[in-house]
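**Student:** Coordinates in data_4.txt, compact mmCIF, C-alpha atoms and all ligand atoms, are listed below.
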# COMPACT_ATOMS: atom_id res chain seq x y z
CA MET Y 166 0.00 0.00 0.00
CA ASN Y 167 1.49 3.34 -1.08
CA MET Y 168 -0.35 5.54 1.38
CA PRO Y 169 1.92 8.08 3.14
CA LEU Y 170 2.13 7.51 6.89
CA THR Y 171 2.05 10.99 8.32
CA GLY Y 172 1.95 10.10 12.00
CA ARG Y 173 -1.27 12.10 12.36
CA SER Y 174 -4.02 9.83 13.58
CA ILE Y 175 -6.51 8.65 11.01
CA GLY Y 176 -10.12 9.65 11.66
CA LEU Y 177 -11.82 7.53 8.97
CA ASP Y 178 -13.25 10.73 7.44
CA GLY Y 179 -15.51 10.04 4.49
CA ILE Y 180 -15.29 6.26 4.74
CA PRO Y 181 -18.71 4.55 4.78
CA ALA Y 182 -18.96 2.04 7.63
CA ALA Y 183 -22.61 1.03 7.11
CA VAL Y 184 -25.60 1.37 4.84
CA THR Y 185 -28.52 2.86 6.73
CA ALA Y 186 -32.04 4.16 6.20
CA LEU Y 187 -32.22 5.62 9.70
CA SER Y 188 -30.71 9.08 9.27
CA LEU Y 189 -28.93 11.20 6.70
CA VAL Y 190 -26.33 13.77 7.71
CA ASP Y 191 -25.64 16.08 4.77
CA GLY Y 192 -22.75 18.10 6.10
CA GLU Y 193 -22.28 20.26 3.01
CA ASN Y 194 -25.83 21.58 3.06
CA GLY Y 195 -26.53 21.43 6.79
CA VAL Y 196 -29.40 18.98 6.35
CA LEU Y 197 -30.35 16.25 8.81
CA VAL Y 198 -33.04 13.67 8.08
CA ILE Y 199 -34.14 11.29 10.84
CA ALA Y 200 -36.67 8.51 10.21
CA GLY Y 201 -37.52 10.09 6.87
CA LEU Y 202 -38.28 13.58 8.24
CA SER Y 203 -36.17 16.72 8.39
CA VAL Y 204 -34.98 17.37 11.93
CA GLU Y 205 -36.94 20.65 11.97
CA ARG Y 206 -40.23 18.86 11.12
CA LEU Y 207 -39.46 15.91 13.39
CA ALA Y 208 -39.16 17.99 16.55
CA GLU Y 209 -42.40 19.82 15.74
CA THR Y 210 -44.56 16.84 14.86
CA LEU Y 211 -43.47 13.65 16.61
CA THR Y 212 -42.95 12.61 20.21
CA PHE Y 213 -39.75 10.84 21.20
CA GLU Y 214 -41.67 7.58 21.57
CA ALA Y 215 -42.99 7.87 18.01
CA VAL Y 216 -39.51 8.62 16.66
CA ALA Y 217 -37.97 5.63 18.47
CA ALA Y 218 -40.74 3.30 17.26
CA GLY Y 219 -40.39 4.71 13.74
CA LEU Y 220 -36.62 4.12 13.73
CA TRP Y 221 -37.10 0.51 14.84
CA ARG Y 222 -39.68 -0.08 12.06
CA ILE Y 223 -37.27 1.32 9.49
CA ALA Y 224 -34.41 -0.73 10.94
CA ASP Y 225 -36.36 -3.95 10.71
CA PRO Y 226 -39.74 -3.79 8.95
CA ARG Y 227 -40.54 -7.25 10.33
CA ALA Y 228 -40.24 -6.01 13.92
CA GLU Y 229 -43.46 -5.60 15.90
CA ALA Y 230 -44.78 -2.04 16.17
CA VAL Y 231 -44.13 -0.48 19.59
CA GLU Y 232 -47.05 1.54 20.99
CA PRO Y 233 -46.40 4.69 23.08
CA ALA Y 234 -47.94 3.03 26.17
CA THR Y 235 -45.28 0.32 26.03
CA PHE Y 236 -42.60 2.81 27.09
CA GLY Y 237 -44.43 3.59 30.34
CA ARG Y 238 -44.93 -0.07 31.15
CA LEU Y 239 -41.27 -0.80 30.48
CA ARG Y 240 -40.10 2.19 32.58
CA ALA Y 241 -42.05 0.71 35.49
CA ALA Y 242 -40.40 -2.68 34.91
CA ALA Y 243 -36.97 -1.02 34.74
CA PHE Y 244 -37.54 0.64 38.13
CA GLU Y 245 -37.47 -2.76 39.87
CA GLN Y 246 -34.04 -3.41 38.34
CA ALA Y 247 -32.82 0.11 39.04
CA LEU Y 248 -33.50 -0.27 42.77
CA HIS Y 249 -31.20 -3.30 42.82
CA ILE Y 250 -28.52 -1.99 40.46
CA CYS Y 251 -28.06 1.64 41.48
CA PRO Y 252 -27.25 1.82 45.23
CA SER Y 253 -23.67 0.56 44.86
CA LEU Y 254 -23.01 2.77 41.80
CA VAL Y 255 -23.87 6.20 43.22
CA ARG Y 256 -20.24 6.70 44.28
CA LEU Y 257 -19.21 6.73 40.60
CA GLY Y 258 -21.09 9.95 39.85
CA PRO Y 259 -23.82 10.33 37.21
CA VAL Y 260 -21.76 9.79 34.03
CA ASP Y 261 -19.83 6.68 35.09
CA GLY Y 262 -22.73 5.53 37.26
CA LEU Y 263 -24.93 5.24 34.18
CA ARG Y 264 -22.21 3.35 32.32
CA ALA Y 265 -21.98 0.78 35.09
CA ALA Y 266 -25.77 0.61 35.47
CA LEU Y 267 -26.25 -0.03 31.75
CA ALA Y 268 -23.73 -2.85 31.90
CA ALA Y 269 -25.62 -4.38 34.83
CA LEU Y 270 -29.04 -4.36 33.09
CA ASP Y 271 -30.62 -7.77 32.84
CA ILE Y 272 -32.39 -7.49 29.48
CA ALA Y 273 -32.13 -10.49 27.20
CA ASP Y 274 -31.96 -10.01 23.44
CA GLY Y 275 -35.37 -10.45 21.84
CA PRO Y 276 -38.25 -8.55 20.25
CA SER Y 277 -38.71 -6.07 23.12
CA ALA Y 278 -35.05 -5.59 24.08
CA ALA Y 279 -34.65 -2.24 22.27
CA ALA Y 280 -37.74 -0.70 23.89
CA ALA Y 281 -36.80 -2.13 27.30
CA ILE Y 282 -33.33 -0.56 27.15
CA VAL Y 283 -34.65 2.80 25.90
CA ALA Y 284 -37.21 2.78 28.73
CA ALA Y 285 -34.58 1.89 31.31
CA VAL Y 286 -32.11 4.72 30.63
CA PRO Y 287 -34.04 7.64 32.23
CA VAL Y 288 -35.07 5.41 35.12
CA LEU Y 289 -31.44 4.52 35.88
CA ILE Y 290 -30.39 8.19 35.66
CA ALA Y 291 -33.20 9.38 37.94
CA THR Y 292 -32.67 6.58 40.46
CA LEU Y 293 -28.92 7.27 40.66
CA GLU Y 294 -29.60 10.98 41.05
CA ALA Y 295 -32.22 10.52 43.78
CA LEU Y 296 -29.92 8.20 45.75
CA ARG Y 297 -27.03 10.64 45.36
CA ALA Y 298 -29.19 13.46 46.73
CA GLY Y 299 -30.41 11.29 49.62
CA ARG Y 300 -34.00 11.19 48.33
CA ALA Y 301 -36.17 8.11 47.88
CA PRO Y 302 -36.25 7.35 44.12
CA LEU Y 303 -39.60 8.13 42.50
CA ALA Y 304 -41.27 5.26 40.66
CA PRO Y 305 -42.09 6.01 37.01
CA ASP Y 306 -45.61 7.12 36.11
CA PRO Y 307 -46.49 4.94 33.10
CA ALA Y 308 -49.32 7.31 32.11
CA LEU Y 309 -46.89 10.15 31.33
CA GLY Y 310 -44.85 10.64 28.19
CA HIS Y 311 -41.18 9.64 28.29
CA ALA Y 312 -39.84 13.22 28.54
CA ALA Y 313 -42.44 14.36 31.09
CA ASP Y 314 -41.89 11.33 33.29
CA MET Y 315 -38.14 11.73 33.20
CA LEU Y 316 -38.42 15.37 34.31
CA ARG Y 317 -40.86 14.35 37.03
CA MET Y 318 -38.55 11.62 38.35
CA LEU Y 319 -35.54 13.94 38.29
CA ARG Y 320 -37.16 17.01 39.82
CA GLY Y 321 -39.72 15.37 42.08
CA ALA Y 322 -42.75 17.16 40.59
CA PRO Y 323 -44.55 16.97 37.24
CA PRO Y 324 -43.25 19.48 34.68
CA SER Y 325 -45.39 22.02 32.84
CA PRO Y 326 -46.54 20.96 29.35
CA ALA Y 327 -44.11 23.52 27.86
CA GLU Y 328 -41.18 21.99 29.76
CA ALA Y 329 -42.14 18.46 28.73
CA ARG Y 330 -42.43 19.60 25.10
CA ALA Y 331 -39.01 21.25 25.21
CA LEU Y 332 -37.33 18.13 26.59
CA ASP Y 333 -39.21 15.97 24.10
CA ALA Y 334 -37.94 18.19 21.27
CA TYR Y 335 -34.40 17.68 22.58
CA LEU Y 336 -34.76 13.89 22.73
CA THR Y 337 -36.15 13.64 19.19
CA THR Y 338 -33.48 16.02 17.85
CA VAL Y 339 -30.60 13.88 19.16
CA SER Y 340 -32.24 10.48 18.57
CA ASP Y 341 -29.97 9.55 15.68
CA HIS Y 342 -27.13 11.09 13.70
CA GLY Y 343 -25.52 8.90 11.07
CA MET Y 344 -22.25 7.16 11.88
CA ASN Y 345 -21.23 9.30 14.84
CA ALA Y 346 -18.62 7.86 17.20
CA SER Y 347 -21.04 6.24 19.66
CA THR Y 348 -23.23 4.75 16.94
CA PHE Y 349 -20.11 3.39 15.24
CA ALA Y 350 -19.06 1.83 18.56
CA CYS Y 351 -22.54 0.32 18.86
CA ARG Y 352 -22.31 -1.10 15.33
CA VAL Y 353 -18.84 -2.56 15.93
CA VAL Y 354 -19.97 -4.39 19.06
CA THR Y 355 -23.27 -5.46 17.46
CA ALA Y 356 -21.37 -6.87 14.50
CA THR Y 357 -19.55 -9.32 16.79
CA ARG Y 358 -23.04 -10.63 17.73
CA ALA Y 359 -22.59 -9.50 21.32
CA SER Y 360 -25.80 -8.62 23.17
CA LEU Y 361 -27.73 -5.38 22.68
CA VAL Y 362 -26.96 -4.37 26.28
CA SER Y 363 -23.23 -4.79 25.53
CA ALA Y 364 -23.51 -2.71 22.35
CA VAL Y 365 -25.40 0.09 24.13
CA THR Y 366 -22.92 0.10 27.01
CA ALA Y 367 -20.02 0.45 24.55
CA ALA Y 368 -21.86 3.21 22.69
CA TYR Y 369 -22.41 5.11 25.91
CA GLY Y 370 -18.70 4.85 26.71
CA ALA Y 371 -17.94 6.56 23.39
CA LEU Y 372 -20.61 9.19 23.99
CA SER Y 373 -19.15 10.18 27.34
CA GLY Y 374 -15.99 11.77 25.90
CA PRO Y 375 -15.72 15.59 25.74
CA LEU Y 376 -15.33 15.57 21.95
CA HIS Y 377 -18.72 13.86 21.60
CA GLY Y 378 -21.50 13.84 24.21
CA GLY Y 379 -19.41 15.21 27.05
CA ALA Y 380 -19.35 18.74 25.64
CA PRO Y 381 -22.55 20.41 26.95
CA GLY Y 382 -21.50 20.53 30.63
CA PRO Y 383 -18.24 22.28 29.69
CA VAL Y 384 -20.24 24.74 27.54
CA LEU Y 385 -21.81 26.08 30.73
CA ASP Y 386 -18.47 25.92 32.55
CA MET Y 387 -17.07 28.12 29.77
CA MET Y 388 -19.85 30.67 30.17
CA ASP Y 389 -19.39 30.75 33.93
CA GLU Y 390 -15.66 31.22 33.52
CA ILE Y 391 -16.15 34.07 31.05
CA GLY Y 392 -18.39 35.70 33.62
CA ASP Y 393 -19.49 38.97 32.03
CA ARG Y 394 -19.91 40.56 28.63
CA THR Y 395 -16.71 42.58 28.62
CA ALA Y 396 -14.66 39.43 29.15
CA ILE Y 397 -16.12 37.48 26.20
CA ALA Y 398 -13.70 38.49 23.44
CA PRO Y 399 -10.45 38.36 25.50
CA TRP Y 400 -11.44 35.07 27.16
CA ILE Y 401 -12.09 33.37 23.82
CA ALA Y 402 -8.92 34.81 22.28
CA ALA Y 403 -6.83 33.55 25.21
CA ALA Y 404 -8.41 30.08 25.10
CA LEU Y 405 -7.73 29.75 21.37
CA GLU Y 406 -4.20 31.09 21.87
CA ARG Y 407 -3.59 28.28 24.38
CA GLY Y 408 -4.75 25.83 21.68
CA GLU Y 409 -7.96 24.92 23.51
CA ARG Y 410 -11.15 23.88 21.76
CA LEU Y 411 -14.29 25.88 22.35
CA MET Y 412 -16.94 23.46 23.50
CA GLY Y 413 -20.13 23.54 21.44
CA PHE Y 414 -18.37 24.55 18.20
CA GLY Y 415 -17.03 22.59 15.24
CA HIS Y 416 -18.12 19.29 13.76
CA ARG Y 417 -16.53 16.48 11.81
CA ILE Y 418 -19.29 16.41 9.18
CA TYR Y 419 -21.04 19.78 9.08
CA ARG Y 420 -19.41 22.40 6.89
CA THR Y 421 -22.30 24.71 7.73
CA ARG Y 422 -24.15 25.29 10.95
CA ASP Y 423 -25.36 22.11 12.70
CA PRO Y 424 -29.13 22.18 11.95
CA ARG Y 425 -29.85 20.74 15.40
CA ALA Y 426 -28.46 23.91 16.97
CA ASP Y 427 -31.29 25.94 15.43
CA VAL Y 428 -33.98 23.43 16.37
CA LEU Y 429 -32.83 23.53 19.99
CA LYS Y 430 -32.42 27.30 19.91
CA ALA Y 431 -36.06 27.59 18.80
CA ALA Y 432 -37.16 25.19 21.57
CA LEU Y 433 -35.21 27.28 24.09
CA GLU Y 434 -36.69 30.54 22.85
CA ARG Y 435 -40.21 29.08 23.22
CA LEU Y 436 -39.43 27.86 26.73
CA ALA Y 437 -37.44 30.75 28.16
CA PRO Y 438 -37.44 33.79 25.86
CA ALA Y 439 -35.42 36.88 26.67
CA THR Y 440 -33.53 35.64 29.72
CA PRO Y 441 -30.19 37.32 30.59
CA ARG Y 442 -28.58 33.86 30.23
CA LEU Y 443 -29.78 33.54 26.63
CA ALA Y 444 -28.69 37.08 25.73
CA PHE Y 445 -25.22 36.39 27.15
CA ALA Y 446 -25.01 33.04 25.33
CA LEU Y 447 -25.91 34.70 22.02
CA GLU Y 448 -23.01 37.12 22.49
CA VAL Y 449 -20.62 34.28 23.34
CA GLU Y 450 -21.78 32.40 20.26
CA ARG Y 451 -21.35 35.44 17.99
CA GLU Y 452 -17.84 36.13 19.25
CA ALA Y 453 -16.77 32.46 19.18
CA ARG Y 454 -17.91 32.06 15.58
CA ALA Y 455 -16.12 35.25 14.54
CA GLN Y 456 -12.83 34.28 16.20
CA LEU Y 457 -12.96 30.68 14.91
CA LYS Y 458 -13.55 32.04 11.41
CA ALA Y 459 -10.58 34.38 11.71
CA ARG Y 460 -8.30 31.57 12.97
CA HIS Y 461 -9.47 28.86 10.60
CA PRO Y 462 -10.57 30.63 7.41
CA GLU Y 463 -10.10 27.34 5.54
CA ARG Y 464 -12.32 25.31 7.87
CA PRO Y 465 -15.88 26.39 8.71
CA LEU Y 466 -16.28 25.95 12.48
CA ASP Y 467 -19.80 26.80 13.54
CA THR Y 468 -22.15 26.16 16.45
CA ASN Y 469 -22.93 22.51 17.07
CA VAL Y 470 -25.81 20.78 18.85
CA GLU Y 471 -24.08 20.85 22.23
CA PHE Y 472 -24.13 24.62 22.63
CA TYR Y 473 -27.92 24.89 22.70
CA THR Y 474 -28.29 21.52 24.42
CA ALA Y 475 -26.47 23.03 27.38
CA LEU Y 476 -28.69 26.11 27.45
CA LEU Y 477 -31.92 24.16 27.01
CA LEU Y 478 -31.18 21.58 29.70
CA ASP Y 479 -30.03 24.37 32.02
CA ALA Y 480 -33.28 26.27 31.41
CA LEU Y 481 -35.13 23.10 32.40
CA GLY Y 482 -33.37 23.22 35.76
CA LEU Y 483 -31.34 20.08 35.11
CA PRO Y 484 -27.85 19.94 36.64
CA ARG Y 485 -24.95 20.01 34.21
CA ALA Y 486 -23.50 16.80 35.64
CA LEU Y 487 -26.49 15.04 34.08
CA PHE Y 488 -26.15 16.45 30.56
CA THR Y 489 -24.14 13.56 29.11
CA PRO Y 490 -26.44 10.86 30.58
CA LEU Y 491 -29.44 12.84 29.27
CA PHE Y 492 -27.96 12.81 25.77
CA ALA Y 493 -27.99 9.01 26.02
CA VAL Y 494 -31.74 9.06 26.81
CA GLY Y 495 -32.32 10.34 23.27
CA ARG Y 496 -29.46 8.71 21.37
CA VAL Y 497 -30.19 5.21 22.70
CA ALA Y 498 -33.13 5.14 20.26
CA GLY Y 499 -30.64 5.44 17.40
CA TRP Y 500 -28.13 3.00 18.87
CA THR Y 501 -30.72 0.26 19.28
CA ALA Y 502 -32.14 0.94 15.80
CA HIS Y 503 -28.66 0.68 14.25
CA ALA Y 504 -28.11 -2.63 16.03
CA MET Y 505 -31.44 -3.92 14.70
CA GLU Y 506 -30.68 -2.66 11.21
CA HIS Y 507 -27.28 -4.32 11.27
CA HIS Y 508 -28.83 -7.71 12.04
CA ALA Y 509 -31.82 -7.22 9.71
CA ARG Y 510 -29.42 -6.60 6.83
CA ALA Y 511 -27.19 -9.53 7.81
CA GLY Y 512 -24.32 -7.15 8.55
CA ARG Y 513 -20.79 -8.52 8.62
CA LEU Y 514 -18.10 -8.25 11.28
CA ILE Y 515 -16.58 -4.74 11.20
CA ARG Y 516 -12.85 -5.16 11.13
CA PRO Y 517 -10.73 -2.35 9.61
CA GLU Y 518 -6.97 -2.44 9.27
CA ALA Y 519 -4.17 -0.43 10.83
CA LEU Y 520 -1.25 0.97 8.82
CA TYR Y 521 1.85 -0.30 10.59
CA ASP Y 522 4.70 2.17 10.99
CA GLY Y 523 6.56 0.41 13.80
CA ALA Y 524 9.89 -1.38 13.61
CA ARG Y 525 10.31 -4.46 11.39
CA PRO Y 526 12.04 -7.44 13.04
CA GLU Y 527 14.75 -7.52 10.33
CA ALA Y 528 15.66 -3.87 11.03
CA ALA Y 529 15.65 -4.19 14.81
N1 LIG J 1 -12.47 25.17 19.00
C1 LIG J 1 -11.26 25.53 18.52
N2 LIG J 1 -10.68 24.96 17.48
C2 LIG J 1 -11.34 23.93 16.89
C3 LIG J 1 -12.59 23.52 17.33
C4 LIG J 1 -13.16 24.17 18.42
N3 LIG J 1 -14.34 23.82 18.91
N4 LIG J 1 -12.99 22.51 16.54
C5 LIG J 1 -12.02 22.29 15.66
N5 LIG J 1 -11.00 23.16 15.86
C6 LIG J 1 -9.77 23.26 15.12
C7 LIG J 1 -8.91 22.06 15.38
O1 LIG J 1 -8.07 22.27 16.51
C8 LIG J 1 -8.14 21.95 14.11
O2 LIG J 1 -7.08 22.86 14.12
P1 LIG J 1 -5.60 22.40 13.71
O3 LIG J 1 -5.75 21.89 12.30
O4 LIG J 1 -4.82 23.67 13.84
O5 LIG J 1 -5.23 21.32 14.67
C9 LIG J 1 -9.12 22.45 13.04
O6 LIG J 1 -10.08 23.24 13.74
C10 LIG J 1 -9.84 21.37 12.31
O7 LIG J 1 -10.45 20.52 13.20
P2 LIG J 1 -11.26 19.28 12.63
O8 LIG J 1 -10.35 18.35 11.93
O9 LIG J 1 -12.40 19.75 11.87
O10 LIG J 1 -11.84 18.65 13.93
P3 LIG J 1 -12.42 17.19 14.04
O11 LIG J 1 -13.32 16.87 12.91
O12 LIG J 1 -11.34 16.23 14.34
O13 LIG J 1 -13.25 17.41 15.37
C11 LIG J 1 -14.88 18.05 16.88
C12 LIG J 1 -14.60 17.70 15.42
C13 LIG J 1 -14.32 16.93 17.77
C14 LIG J 1 -16.38 18.15 17.12
C15 LIG J 1 -14.19 19.40 17.20
O14 LIG J 1 -14.74 20.42 16.40
C16 LIG J 1 -14.23 19.75 18.66
O15 LIG J 1 -13.39 19.31 19.42
N6 LIG J 1 -15.25 20.57 19.09
C17 LIG J 1 -15.37 20.92 20.49
C18 LIG J 1 -16.06 19.80 21.28
C19 LIG J 1 -17.52 19.70 20.92
O16 LIG J 1 -18.25 20.67 20.80
N7 LIG J 1 -17.98 18.42 20.77
C20 LIG J 1 -19.37 18.11 20.44
C21 LIG J 1 -19.49 17.73 19.00
S1 LIG J 1 -21.17 17.42 18.52
C22 LIG J 1 -21.45 15.88 19.04
O17 LIG J 1 -20.63 15.01 19.10
C23 LIG J 1 -22.84 15.51 19.48
So that I can check it, write out the structure of this file as structure tokens.
Ligand code: ACO
**Tutor:**
Amino acid sequence: MNMPLTGRSIGLDGIPAAVTALSLVDGENGVLVIAGLSVERLAETLTFEAVAAGLWRIADPRAEAVEPATFGRLRAAAFEQALHICPSLVRLGPVDGLRAALAALDIADGPSAAAAIVAAVPVLIATLEALRAGRAPLAPDPALGHAADMLRMLRGAPPSPAEARALDAYLTTVSDHGMNASTFACRVVTATRASLVSAVTAAYGALSGPLHGGAPGPVLDMMDEIGDRTAIAPWIAAALERGERLMGFGHRIYRTRDPRADVLKAALERLAPATPRLAFALEVEREARAQLKARHPERPLDTNVEFYTALLLDALGLPRALFTPLFAVGRVAGWTAHAMEHHARAGRLIRPEALYDGARPEAA
């Protein structure tokens, strides 16, 4: 092979790793299609439960349809497991606690495994959080929607319809996104014919990194550190000078603005218009985009989904330590659908190669 070995790590840019009908990420035009709908339309018209069920039907048309009520029933079933699994994991904190709790789930592969895992994720998060805070965990209310029930379990009281709608819009918006790092991890593990719980646990591990789903907490940290309006421009300039990455900006695929940023911005503006926090964030965004453009004229670096995720989840009163686990509540719909699609299409083992640039025995 005559490929130059530059020493720079290879990121598999532009290399197809699957064929999928679940979502289309058109990075040149800033278009995202999930379950056959544009992300803008999706968040306006469908609940998270409908999106998850729709993804599973696309993944495997022979799979049984999953009714919205099923999610509530399965959340209640997951609560029994959560009460056993979570107490010893609280010490890990919310991000690693969820990883360990996912790994401990007792859900056998089968027709309802995807829905059971999707239903379990918010229950595990809320149970871990209640135990951490010294509260008795709240049992799920199967009559509520997935987003509303999650907010209720986390905050101890039912949310307003506007809050539930805003969180639902978030979950649908992040439900799937092509061959992102966590979905790729899920596909790799699925392709070995390991269990769905194993594949989801691996996917969550990938999601938890700051370059992927770990970014929204640090977005708020950045705004807190900046502090006030006069400090925005010098703070950003100094961070970029130190070679740091601005959290919530840039994307491997999008060469335009991430369309999810605008969907979440609209959801935030409906929920909490004209707050000082939003006005400050808009200034940070404007300045960050301008300075990134000046530093990387060759490489469009624009706002990504995590910037407005952070602001939306914060406006819902959710603690930043939970932002990465909450991303998983939405994305697990996509992970499970990709696993189903892989099997439905008789997918092969995923096994790329490495270019070796180490010593040869003869030369040693
Ligand atoms: N701030 C400052 N500089 C950046 C940023 C950023 N947010 N993003 C990219 N750059 C720089 C890189 O340092 C690189 O510069 P260099 O060539 O001088 O080293 C240049 O822009 C090109 O970077 P890319 O090759 O486009 O970056 P890559 O595709 O590897 O990374 C990523 C994409 C990881 C999202 C990156 O933009 C980043 O780290 N962003 C901040 C973290 C973040 O917001 N993550 C959430 C992403 S969305 C999601 O996963 C759900």
**Student:** If the limit is 7 Å from any atom of ligand LIG 1 (chain J), counting only C-alpha atoms and all ligand atoms, which residues qualify? Return them as a PyMOL selection string.
**Tutor:** chain Y and resi 375-378+380+405+409-417+457+461+464+466+469-471
**Student:** Take CA of Pro490 (chain Y) and CA of Arg300 (chain Y) and report the distance between them in Å, one decimal.
**Tutor:**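 Separation between CA of Pro490 (chain Y) and CA of Arg300 (chain Y): 19.3 Å.
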**Student:** Ranking Y:Asp389, Y:Asp261, Y:Asp341, Y:Glu245 by minimum distance to Ser203 (chain Y) and counting only C-alpha atoms, which one comes first?
**Tutor:**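 With only C-alpha atoms as the atom set, the closest residue is Y:Asp341.
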**Student:** Between CA of Gly201 (chain Y) and CA of Ala480 (chain Y), what distance in Å does the model show, to one decimal?
**Tutor:**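 If I compute the distance from CA of Gly201 (chain Y) to CA of Ala480 (chain Y), I get 29.7 Å.
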**Student:** Tell me which of Y:Thr292, Y:Leu332, Y:Ala364, Y:Pro526 sits closest to Ser253 (chain Y), counting only C-alpha atoms.
**Tutor:** Y:Thr292
**Student:** For a quick check of understanding, using all atoms listed in the file, which of Y:Val260, Y:Leu476, Y:Leu207, Y:Ala455 has the smallest distance to Pro441 (chain Y)?
**Tutor:**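 Counting all atoms listed in the file, the residue closest to Pro441 (chain Y) is Y:Leu476.
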**Student:** For a quick check of understanding, using all atoms listed in the file, which of Y:Phe445, Y:Ala183, Y:Gly499, Y:Arg435 has the smallest distance to Ala327 (chain Y)?
**Tutor:**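 Distance minimum relative to Ala327 (chain Y) lands on Y:Arg435.
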**Student:** Measuring between all atoms listed in the file, which one of Y:Leu239, Y:Ala279, Y:Val339, Y:Val353 shows the shortest distance to Pro305 (chain Y)?
**Tutor:** Y:Leu239
**Student:** Just the number, please: distance in Å from CA of Leu254 (chain Y) to CA of Ala269 (chain Y), one decimal.
**Tutor:**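 These two atoms are separated by 10.3 Å.
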**Student:** Which residue is closest to Leu248 (chain Y)? Choose from Y:Ala359, Y:Val449, Y:Ala285, Y:Ala182 and count all atoms listed in the file.
**Tutor:**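 Smallest distance to Leu248 (chain Y) is found for Y:Ala285.
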**Student:** Please provide as a compact mmCIF listing (two decimals) with C-alpha atoms, keeping the file's coordinate frame all residues within 9 Å of Val190 (chain Y), with the sequence filter that same-chain residues fewer than 4 positions apart are discarded (counting all atoms listed in the file).
**Tutor:**
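Result written to out-v9.txt:
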# COMPACT_ATOMS: atom_id res chain seq x y z
CA GLY Y 195 -26.53 21.43 6.79
CA VAL Y 196 -29.40 18.98 6.35
CA LEU Y 197 -30.35 16.25 8.81
CA VAL Y 198 -33.04 13.67 8.08
CA ILE Y 199 -34.14 11.29 10.84
CA HIS Y 342 -27.13 11.09 13.70
CA GLY Y 343 -25.52 8.90 11.07
CA MET Y 344 -22.25 7.16 11.88
CA ILE Y 418 -19.29 16.41 9.18
CA TYR Y 419 -21.04 19.78 9.08
